[in-house]
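Shown next, in structure tokens, is the structure this report addresses.
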Amino acid sequence: MTALRPEEGAPTRIAEAILLVVALALGMGGMWMVGHSLEGGLPEGFWTYTIVLAALAFTAHIVLRLRAPYADQVILPAVVLLNSVSMATVLRQDIVPYPSLQGANAPRHIMWSAIGIVLACIVIVVIRDHRSLRRLTYTAMVVGIVLVILPLIPGLGREINGAKIWIYIGPFSLQPAEFAKIAFAVFFAGYLVANRDTLALAGKKFLGLQLPRLRDLGPILIVWAVSLAVLIGEKDLGTSLLFFGLFVGMLYLATDRVGWIAIGLVMFAAGAVVAWSIFSHVQLRVNIWLDALNPDLINGPSFQLVQGLFAMAYGGMFGAGWGEGYPQYVPFAFSDFIYAAIGEELGLTGLLAILLVYLVIIQRGLRHAIGVRDGFGKLLAGGLAFVMALQLFVVVGGITRVIPLTGLTLPFMAQGGSSLLANWIVIALMLRISDAARRPSALPTRGALADPVPAVVGGGAIEVGGGTPVQAETEAGAGRSGTPDDATQIVRGVDR
Amino acid sequence: MNATLRRLSAVVMVMFLTLMISTTWIQFVAAGELNDHPRNVRGIYSALARDRGPIVIKGGEAIVTSEPVDDNFKYQRTYSGGDAGPASLYAPVTGYFSVNGTVTGMERYANSYLAGEDDSLWLDRLQNLITGEEAQGSSVELTIDPKIQQAAWDALGDRNGAAVVLDPKTGAILAMVSKPSYDPNTLAVHDAEEATATSERLINEKPVVGSVEGEERRSVYGPTINRTINATFPPGSTFKVLTSAAAIEYNGLTPTTQIDAPNSYTLPGTSTSVGNFGGFPCSPTERMTLLEALQDSCNTAYLKVATDVGRDGMQRMFEDFGFTESLEVPMTTSIGAYPGLIGGEGDDDSDARIALSGIGQGSVRMTPLQVAMISAAVANDGDLMKPYLIQSVRDSDLELVSQTKPSRYKSPFSSSTADALTDMMLAVVNNGSGTAAQVSGVQVAGKTGTAQDDPRSPTLWFTGFAPADDPQVAIAIVLENEGESTLESSAGSLAAPIAGQIFKAAVGQ
């Protein structure tokens with residue numbers, strides 16, 4: 001059973017355990033208050049949900065201790081916090097008898113959450129080193145494109161609320177785009193790390209912008225076409241924006257060429273304008289966005305958006321309190337509009353807190369991208385963090401009228417299997433990369449200070465090169481205090 | 001790639017900042033507007049399901065309460081304990097809260113307090129959030145004095161009309177009676193269909209006014225309209241107080257100035273000649289003092305006075321009273337109408353219309369509250385206090401949340417003008433058309449008004465204040481098209497005695 005013994009000298013991840021307790025307590029408190037507000041006691045299933053969530057969260061904690069001991073200690077508790085608060089929200093909507101909330105299903109939500117966490121654990125156990133994913137670069141591309149095209153296949157895809165982003169296989173429904181974003185992130189990372197120099201350096205300068213060579217434009221044209229196919233065929237601006245934004249963002253990460261972003265934005269804008277001028281449903285979406293309170297729209301097309309606005313306004317600064325809102329008036333308050341439902345009961349305070357939790361997850365993901373040493377890892381971590389930020393922007397921006405409303409879901413909060421599973425996989429990959437990023441290195445790090453003490457290399461550290469062994473120190477404070485230090489690893493060493 | 005990653009992380013920060021701003025915008029900046037949106041049902045349902053605060057009158061009696069009931073709405077809004085009589089008495093003030101979404105009166109305009117949602121209650125809400133206790137509304141204490149309210153109600157009897165009583169020194173509204181009235185309990189039932197049917201019936205139920213020779217005339221105002229603030233009538237001769245104020249303030253007249261009082265007066269620019277009430281001459285010499293002209297309500301004299309003051313002066317005085325502006329008492333009041341000013345009929349401000357306005361005819365229209373405000377300004381040395389109904393607001397722990405501080409609303413004329421007008425209004429009650437308003441032992445100042453908007457059934461008025469040396473109350477009474485253009489049915493014989501009864505209740509010995 002050597003595999004189940006923690007690595008020697010690895011952090012004990014006490015901080016993560018403590019934060020997990022806090023995160024679970026917040027979710028429990030939410031469920032407790034929901035019960036008290038609506039049923040005058042503990043809600044049905046309170047202990048089941050609590051125990052399942054706690055057991056799985058700590059399973060993930062132990063898996064991390066064993067298989068990725070250097071991984072970030074804040075990401076898992078942050079995600080568990082979001083998931084358990086959403087558990088309370090879905091439970092709250094499940095126990096009231098309104099027909100409009102019949103879709104709210106707490107047992108299903110806990111089931112998918114559980115499967116999501118288990119899947120994340122499996123990913124962490126199976127993928128010992130994120131670089132192994134690089135071998136799958138072109139497999140990922142094919143998988144991604146297939147997933148995107150699936151909803152367009154007649155009989156498989158189905159149009160829900162004007163967007164065709166679901167597929168139905170028997171009793172199961174799936175939003176393939178959620179998984180496609182992971183496949184695309186892997187593909188882009190693999191493709192770009194191999195071609196970044198060609199993309200960045202070849203080509204003429206025009207108006208101060210380094211323009212790429214025409215033949216290098218191939219991949220970006222393919223992605224553009226895929227995005228437009230999504231926009232037109234599946235009528236979903238959000239998913240389209242997600243893929244295209246992901247590619248442009250990663251292209252920029254890899255090449256540091258603003259020219260690519262300019263080209264990308266112009267192409268997307270052109271595509272969007274053309275779609276707007278051709279398709280009435282796109283025009284309607286835009287009208288809803290710009291003029292939601294128009295009396296002609298308010299009882300029809302913009303009903304959901306406006307009800308979401310009303311719900312959030314009713315919440316105000318501090319919210320109506322758990323169980324005191326009216327989610328029954330907001331269509332899909334448990335999935336697409338869970339942000340508005342939470343805003344109603346937890347108020348601006350609650351929503352800002354939730355946004356900050358997301359921001360912490362995403363920013364830590366980006367820090368690990370900086371910390372990890374291989375280009376593929378940097379691109380993958382950066383891409384995954386950025387795609388989550390983009391998704392959040394598209395979802396919350398749609399609900400709060402920054403951009404037209406689309407059919408994406410809030411990661412870890414919205415009820416729905418695809419979203420939960422896919423995003424837990426993203427988190428597993430982020431954790432895996434963070435483990436690599438923070439793992440003591442046998443190599444000196446640029447700008448590191450000299451340390452005269454003879455080196456002891458942490459067991460199992462990734463050997464990146466054959467440099468002289470130097471002393472590596474695990475990050476200061478981690479495992480000792482409740483507040484983990486900066487995610488960037490401090491490695492001291494000197495080249496002798 | 002680290003540099004680009006850092007820049008990307010800055011981009012992510014900007015994206016999140018955008019989301020935080022947009023969320024804040026909806027939940028904080030635009031929240032009030034969205035909560036008040038007519039399509040938003042949350043306000044009504046949450047207000048109904050909540051332990052709404054009571055409405056209390058002077059002396060501490062709760063005239064509106066929320067009683068726990070065993071249905072979806074949890075609480076039944078109850079007016080005067082469900083007793084139709086007293087509930088109708090206070091209905092113009094309280095308004096009603098209907099499940100079909102109609103909310104009127106204090107229920108509507110003090111909703112943020114009653115529902116416990118006002119910004120000033122944020123500490124209570126924070127407490128509730130932490131303790132998980134159900135939010136309880138605040139109690140709203142009114143300035144209404146039950147004794148005066150009841151006296152005004154009784155004095156009006158079965159007539160259509162309204163009475164409003166102000167404290168001229170503070171602007172506090174002491175009584176607000178509108179007849180016919182209605183029972184708010186019948187509109188607050190939780191059966192939405194029944195509530196809608198009742199409200200439709202009430203809104204369409206226009207009372208018969210001034211039935212002459214078997215021909216019925218119906219009021220444009222139903223029983224749910226608060227006639228003291230949301231109905232306008234031609235003010236008739238009560239407006240002569242305002243005309244006098246303009247003449248004294250701008251033209252330097254005094255109560256003893258001799259003015260023309262012809263037997264008939266030809267309106268400037270026309271060949272229409274107007275006589276006096278009943279065709280009687282005002283004075284054998286066709287001259288009289290300004291005081292005598294008001295005392296006897298001489299129409300021809302005031303047509304001339306208004307013409308002398310002129311369009312600008314008359315309009316300025318009307319505006320200086322704030323009559324072209326809406327008040328929030330907290331209910332929104334209707335604005336008045338004057339020729340050439342906002343609301344003035346057809347904007348006809350010819351000299352003839354200005355002359356007619358001097359006696360409160362032409363297109364002049366005012367609410368009873370505005371007419372009472374004329375007397376209040378005279379009573380308070382030319383300082384018109386802002387009328388208000390909410391004395392104080394207390395939260396569910398009876399702690400004071402807010403209290404109305406009396407404030408000056410307008411200063412239409414100087415205190416010397418006020419003194420002159422007081423003398424003139426005293427003469428009206430002591431020796432003139434308003435003798436029926438006298439109260440033994442109390443000096444009453446006032447003015448009658450008989451507006452011949454319908455010559456066969458004029459609108460009758462009385463406005464005044466008492467005691468003259470230390471004014472405690474200023475009142476206005478209107479009887480909607482109750483007169484019959486005879487001396488027996490003039491304002492002096494019908495409206496003035498009602499005022500007398502109210503004065504007696506308010507300041508009698």
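Ordering of the structure tokens sets the chain letters (A, B, ...); residue numbers start at 1 within each chain; ligands are numbered from 1 in the order shown.
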
Once you count only C-alpha atoms, which residues of chain B turn out to be within 6 Å of chain A? Could you give them as a JSON list (two decimals) with C-alpha atoms, in the first residue's frame?
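Result written to result.json:
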[["chain", "number", "residue", "atom", "x", "y", "z"],
["B", 2, "ASN", "CA", 4.43, 34.85, -17.60],
["B", 4, "THR", "CA", 1.02, 37.59, -20.88],
["B", 22, "SER", "CA", -23.50, 45.56, -12.94],
["B", 26, "ILE", "CA", -29.22, 46.28, -10.20],
["B", 27, "GLN", "CA", -29.31, 45.54, -6.49],
["B", 28, "PHE", "CA", -28.48, 48.97, -5.18],
["B", 31, "ALA", "CA", -33.32, 48.51, -7.00],
["B", 34, "LEU", "CA", -37.30, 47.95, -10.16]]

Using DSSP on the backbone, list every residue of segment 180-218 of chain B that comes out as strand (DSSP E or B), and give them as a list in words.
Val208, Val209, Gly210, Ser211, Val212, Glu215, Glu216, Arg217 and Arg218 of chain B

Selection from above, C-alpha atoms, as a short mmCIF file (atom, residue, chain, number, x, y, z; two decimals), in the first residue's frame, can you write it?
data_model
loop_
_atom_site.label_atom_id
_atom_site.label_comp_id
_atom_site.auth_asym_id
_atom_site.auth_seq_id
_atom_site.Cartn_x
_atom_site.Cartn_y
_atom_site.Cartn_z
CA VAL B 208 -75.56 62.08 -7.10
CA VAL B 209 -74.89 65.76 -6.46
CA GLY B 210 -77.19 68.73 -6.78
CA SER B 211 -80.32 67.04 -7.99
CA VAL B 212 -82.45 69.87 -9.35
CA GLU B 215 -82.60 65.94 -13.00
CA GLU B 216 -79.74 64.07 -11.40
CA ARG B 217 -76.22 65.33 -11.64
CA ARG B 218 -73.40 63.00 -10.72
#

Q.
Could you list, as a ChimeraX atom specification, every residue within 9 Å of segment 407-423 of chain A, counting only C-alpha atoms and ignoring same-chain residues fewer than 6 positions away?
A. /A:79-80,82-87,89-90,104-106,108-109,111-113,115-117,119-120,161,163,165,173-182,236-239,333-339,388,391-392,394-396,398

From atom CA of Ala229 of chain A to atom CA of Ala275 of chain A the spacing works out at 10.6 Å

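With only C-alpha atoms as the atoms that count, the residue of B:Val93, B:Ala30, B:Val99, B:Ile21 with the shortest distance to Ile44 of chain B is B:Val99.
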
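Excluding segment 221-238 of chain B itself and same-chain residues fewer than 6 positions from it, the residues having an atom within 6 Å of it are Pro92, Ala162, Ser178, Pro180, Ser181, Ile203, Glu205, Lys206, Thr333, Ser334, Ile359, Gly360, Gln361, Val364, Arg365, Met366, Thr367, Pro368, Leu369, Lys447, Thr448, Gly449, Thr450 and Ala451 of chain B, counting only C-alpha atoms.
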
Keeping N, CA and C atoms for every residue in the selection just given, could you write it to a file as a PDB file, in the first residue's frame?
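Below is the file that was written, part.pdb:
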ATOM      1  N   PRO B  92     -60.225  57.921   3.757  1.00  0.00           N
ATOM      2  CA  PRO B  92     -59.452  58.801   2.868  1.00  0.00           C
ATOM      3  C   PRO B  92     -57.980  58.887   3.277  1.00  0.00           C
ATOM      4  N   ALA B 162     -66.156  67.547   1.537  1.00  0.00           N
ATOM      5  CA  ALA B 162     -64.924  67.220   2.240  1.00  0.00           C
ATOM      6  C   ALA B 162     -64.637  68.292   3.264  1.00  0.00           C
ATOM      7  N   SER B 178     -63.703  62.890   3.788  1.00  0.00           N
ATOM      8  CA  SER B 178     -64.202  62.943   2.428  1.00  0.00           C
ATOM      9  C   SER B 178     -65.487  62.137   2.363  1.00  0.00           C
ATOM     10  N   PRO B 180     -68.946  61.011  -0.208  1.00  0.00           N
ATOM     11  CA  PRO B 180     -69.134  59.735   0.481  1.00  0.00           C
ATOM     12  C   PRO B 180     -67.819  58.986   0.647  1.00  0.00           C
ATOM     13  N   SER B 181     -67.801  58.069   1.608  1.00  0.00           N
ATOM     14  CA  SER B 181     -66.600  57.288   1.843  1.00  0.00           C
ATOM     15  C   SER B 181     -66.881  55.819   1.550  1.00  0.00           C
ATOM     16  N   ILE B 203     -65.402  52.293  -7.816  1.00  0.00           N
ATOM     17  CA  ILE B 203     -64.824  53.308  -8.692  1.00  0.00           C
ATOM     18  C   ILE B 203     -65.899  53.874  -9.613  1.00  0.00           C
ATOM     19  N   GLU B 205     -69.043  54.045  -8.892  1.00  0.00           N
ATOM     20  CA  GLU B 205     -70.187  54.540  -8.134  1.00  0.00           C
ATOM     21  C   GLU B 205     -70.032  56.043  -7.915  1.00  0.00           C
ATOM     22  N   LYS B 206     -70.567  56.809  -8.857  1.00  0.00           N
ATOM     23  CA  LYS B 206     -70.449  58.264  -8.748  1.00  0.00           C
ATOM     24  C   LYS B 206     -71.682  58.803  -8.021  1.00  0.00           C
ATOM     25  N   THR B 333     -50.756  65.163  -3.791  1.00  0.00           N
ATOM     26  CA  THR B 333     -51.959  65.977  -3.925  1.00  0.00           C
ATOM     27  C   THR B 333     -52.091  66.486  -5.355  1.00  0.00           C
ATOM     28  N   SER B 334     -53.328  66.779  -5.731  1.00  0.00           N
ATOM     29  CA  SER B 334     -53.560  67.351  -7.053  1.00  0.00           C
ATOM     30  C   SER B 334     -53.124  68.811  -7.049  1.00  0.00           C
ATOM     31  N   ILE B 359     -62.928  86.314  -8.096  1.00  0.00           N
ATOM     32  CA  ILE B 359     -63.991  85.801  -7.227  1.00  0.00           C
ATOM     33  C   ILE B 359     -64.032  84.267  -7.259  1.00  0.00           C
ATOM     34  N   GLY B 360     -62.911  83.675  -7.690  1.00  0.00           N
ATOM     35  CA  GLY B 360     -62.809  82.217  -7.657  1.00  0.00           C
ATOM     36  C   GLY B 360     -63.620  81.521  -8.716  1.00  0.00           C
ATOM     37  N   GLN B 361     -63.940  82.262  -9.796  1.00  0.00           N
ATOM     38  CA  GLN B 361     -64.657  81.628 -10.894  1.00  0.00           C
ATOM     39  C   GLN B 361     -63.718  81.556 -12.083  1.00  0.00           C
ATOM     40  N   VAL B 364     -60.533  78.809 -12.353  1.00  0.00           N
ATOM     41  CA  VAL B 364     -59.799  78.518 -11.120  1.00  0.00           C
ATOM     42  C   VAL B 364     -60.373  77.254 -10.490  1.00  0.00           C
ATOM     43  N   ARG B 365     -59.488  76.337 -10.143  1.00  0.00           N
ATOM     44  CA  ARG B 365     -59.915  75.138  -9.421  1.00  0.00           C
ATOM     45  C   ARG B 365     -58.877  74.832  -8.352  1.00  0.00           C
ATOM     46  N   MET B 366     -59.366  74.415  -7.180  1.00  0.00           N
ATOM     47  CA  MET B 366     -58.442  74.128  -6.086  1.00  0.00           C
ATOM     48  C   MET B 366     -58.934  72.929  -5.291  1.00  0.00           C
ATOM     49  N   THR B 367     -58.014  72.304  -4.611  1.00  0.00           N
ATOM     50  CA  THR B 367     -58.393  71.229  -3.703  1.00  0.00           C
ATOM     51  C   THR B 367     -58.781  71.862  -2.367  1.00  0.00           C
ATOM     52  N   PRO B 368     -59.609  71.198  -1.581  1.00  0.00           N
ATOM     53  CA  PRO B 368     -59.938  71.729  -0.253  1.00  0.00           C
ATOM     54  C   PRO B 368     -58.686  71.984   0.597  1.00  0.00           C
ATOM     55  N   LEU B 369     -57.672  71.119   0.450  1.00  0.00           N
ATOM     56  CA  LEU B 369     -56.453  71.354   1.232  1.00  0.00           C
ATOM     57  C   LEU B 369     -55.836  72.697   0.852  1.00  0.00           C
ATOM     58  N   LYS B 447     -64.107  82.832   5.734  1.00  0.00           N
ATOM     59  CA  LYS B 447     -64.672  83.318   4.478  1.00  0.00           C
ATOM     60  C   LYS B 447     -65.540  82.225   3.870  1.00  0.00           C
ATOM     61  N   THR B 448     -66.716  82.643   3.440  1.00  0.00           N
ATOM     62  CA  THR B 448     -67.603  81.705   2.760  1.00  0.00           C
ATOM     63  C   THR B 448     -67.306  81.717   1.268  1.00  0.00           C
ATOM     64  N   GLY B 449     -67.817  80.721   0.569  1.00  0.00           N
ATOM     65  CA  GLY B 449     -67.669  80.702  -0.886  1.00  0.00           C
ATOM     66  C   GLY B 449     -68.813  79.948  -1.501  1.00  0.00           C
ATOM     67  N   THR B 450     -69.352  80.535  -2.573  1.00  0.00           N
ATOM     68  CA  THR B 450     -70.424  79.852  -3.298  1.00  0.00           C
ATOM     69  C   THR B 450     -70.037  79.920  -4.760  1.00  0.00           C
ATOM     70  N   ALA B 451     -69.524  78.814  -5.249  1.00  0.00           N
ATOM     71  CA  ALA B 451     -69.013  78.814  -6.621  1.00  0.00           C
ATOM     72  C   ALA B 451     -70.082  78.314  -7.550  1.00  0.00           C
TER      73      ALA B 451
END

Inset, instruction - Tell me which protein, DNA and RNA residues are within 7 Å of Pro69 of chain A, counting only C-alpha atoms, leaving out same-chain ones fewer than 2 positions away, and put them as a list in words. - result: Ala10, Pro11, Leu64, Arg65, Leu66, Arg67, Ala71 and Asp435 of chain A

Glu7 of chain A proximity check over A:Arg432, A:Met267, A:Gly323, A:Arg439, using only C-alpha atoms: winner is A:Arg439

Set the distance at 8 Å and use only C-alpha atoms: which residues neighbour segment 498-509 of chain B once local chain neighbours fewer than 4 positions away are removed? I'd like the list as a ChimeraX atom specification. /B:147-148,151-152,155-156,436-442,462-463,466-467,472-473,475-477,494

>> I want to know what sits within 12 Å of segment 309-313 of chain B, based on only C-alpha atoms, with residues of the same chain fewer than 4 positions away left out; could you give that as a ChimeraX atom specification?
In response: /B:242-253,268,302-305,317-320,338-341,348-358,412
